[in-house]
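Below: the structure, in structure tokens.
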Amino acid sequence: HTNVGKPIFPMGKLGNLCKRLNIRIGVITVPAGAAQAVCDQMVASGIQAILSFAPTHLAVPPGVLVQQEN
């Protein structure tokens, strides 16, 4: 799928894309109730830094940086 020329991929492809493209930074823009699950998937996919716009605290392992935005 695309949105204004940008590809949109299902979450099931996140791990493969992160590994193949060496992606290490991610952005979370989901409701608070979904944020931790998305964060967990990102960390499992190799993301090492997360910019989060979700209105909730995210628990991450040591070595993963989270920047919370309002």
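All residue names refer to the structure tokens as shown: chains lettered A, B, ... in order, residues numbered from 1 in each chain, ligands numbered from 1 in order.
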Once you count only C-alpha atoms, what closest atom pair and distance in Å to one decimal does each residue of stretch 44-67 of chain A within 12 Å of stretch 3-17 of chain A have, with rows by chain and rising residue number, as CSV?
```
residue,atom,partner,partner_atom,distance
A:Ala44,CA,A:Gly15,CA,7.4
A:Ser45,CA,A:Gly15,CA,4.3
A:Gly46,CA,A:Gly15,CA,7.5
A:Ile47,CA,A:Gly15,CA,9.3
```
Secondary structure check, helix (DSSP H, G or I) residues of stretch 15-63 of chain A, as a ChimeraX atom specification: /A:15-21,32-44
- request: Excluding A:Ile50 and any residue of its chain fewer than 3 positions from it, enumerate the residues within 7 Å of it, using only C-alpha atoms, and give them as a list in words.
  value: Ile25, Gly26, Val27, Leu65, Val66 and Gln67 of chain A
Selected residues, all heavy atoms, written as a PDB file, in the first residue's frame, please.
```pdb
ATOM      1  N   ILE A  25      16.556   3.311  14.283  1.00  0.00           N
ATOM      2  CA  ILE A  25      15.759   4.356  14.930  1.00  0.00           C
ATOM      3  C   ILE A  25      14.307   4.199  14.484  1.00  0.00           C
ATOM      4  O   ILE A  25      14.039   3.994  13.305  1.00  0.00           O
ATOM      5  CB  ILE A  25      16.269   5.758  14.550  1.00  0.00           C
ATOM      6  CG1 ILE A  25      17.717   5.930  15.001  1.00  0.00           C
ATOM      7  CG2 ILE A  25      15.378   6.846  15.161  1.00  0.00           C
ATOM      8  CD1 ILE A  25      18.371   7.196  14.503  1.00  0.00           C
ATOM      9  N   GLY A  26      13.372   4.314  15.440  1.00  0.00           N
ATOM     10  CA  GLY A  26      11.961   4.201  15.113  1.00  0.00           C
ATOM     11  C   GLY A  26      11.143   5.277  15.795  1.00  0.00           C
ATOM     12  O   GLY A  26      11.576   5.878  16.783  1.00  0.00           O
ATOM     13  N   VAL A  27       9.947   5.519  15.274  1.00  0.00           N
ATOM     14  CA  VAL A  27       9.023   6.511  15.816  1.00  0.00           C
ATOM     15  C   VAL A  27       7.709   5.812  16.139  1.00  0.00           C
ATOM     16  O   VAL A  27       7.181   5.067  15.308  1.00  0.00           O
ATOM     17  CB  VAL A  27       8.777   7.650  14.798  1.00  0.00           C
ATOM     18  CG1 VAL A  27       7.784   8.665  15.351  1.00  0.00           C
ATOM     19  CG2 VAL A  27      10.087   8.329  14.415  1.00  0.00           C
ATOM     20  N   LEU A  65      17.379   3.600  23.821  1.00  0.00           N
ATOM     21  CA  LEU A  65      17.070   4.984  24.183  1.00  0.00           C
ATOM     22  C   LEU A  65      15.639   5.306  23.775  1.00  0.00           C
ATOM     23  O   LEU A  65      15.220   5.009  22.658  1.00  0.00           O
ATOM     24  CB  LEU A  65      18.034   5.936  23.473  1.00  0.00           C
ATOM     25  CG  LEU A  65      17.770   7.422  23.625  1.00  0.00           C
ATOM     26  CD1 LEU A  65      17.998   7.843  25.069  1.00  0.00           C
ATOM     27  CD2 LEU A  65      18.642   8.207  22.698  1.00  0.00           C
ATOM     28  N   VAL A  66      14.883   5.914  24.689  1.00  0.00           N
ATOM     29  CA  VAL A  66      13.531   6.378  24.386  1.00  0.00           C
ATOM     30  C   VAL A  66      13.470   7.879  24.656  1.00  0.00           C
ATOM     31  O   VAL A  66      13.818   8.335  25.737  1.00  0.00           O
ATOM     32  CB  VAL A  66      12.453   5.674  25.240  1.00  0.00           C
ATOM     33  CG1 VAL A  66      11.082   6.284  24.970  1.00  0.00           C
ATOM     34  CG2 VAL A  66      12.438   4.190  24.948  1.00  0.00           C
ATOM     35  N   GLN A  67      13.027   8.622  23.656  1.00  0.00           N
ATOM     36  CA  GLN A  67      12.787  10.066  23.815  1.00  0.00           C
ATOM     37  C   GLN A  67      11.294  10.269  23.739  1.00  0.00           C
ATOM     38  O   GLN A  67      10.663   9.979  22.732  1.00  0.00           O
ATOM     39  CB  GLN A  67      13.484  10.860  22.703  1.00  0.00           C
ATOM     40  CG  GLN A  67      13.195  12.348  22.740  1.00  0.00           C
ATOM     41  CD  GLN A  67      13.737  13.019  23.984  1.00  0.00           C
ATOM     42  OE1 GLN A  67      14.867  12.748  24.406  1.00  0.00           O
ATOM     43  NE2 GLN A  67      12.953  13.887  24.587  1.00  0.00           N
TER      44      GLN A  67
END
```
- request: Can you work out which one of A:Leu51, A:Met42, A:Cys18, A:Val30 has the shortest atom-to-atom distance to A:Glu69, counting only C-alpha atoms?
  value: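 Among A:Leu51, A:Met42, A:Cys18, A:Val30, it is A:Leu51 that comes nearest to A:Glu69.
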- prompt: Can you tell me how far atom CA of A:Pro31 sits from atom CA of A:Gly63, in Å to one decimal?
  reply: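 Straight-line distance from atom CA of A:Pro31 to atom CA of A:Gly63 works out to 24.4 Å.
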- prompt: By how many Å are atom CA of A:Ala34 and atom CA of A:Ala59 apart?
  reply: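 Taking atom CA of A:Ala34 and atom CA of A:Ala59, their separation equals 12.9 Å.
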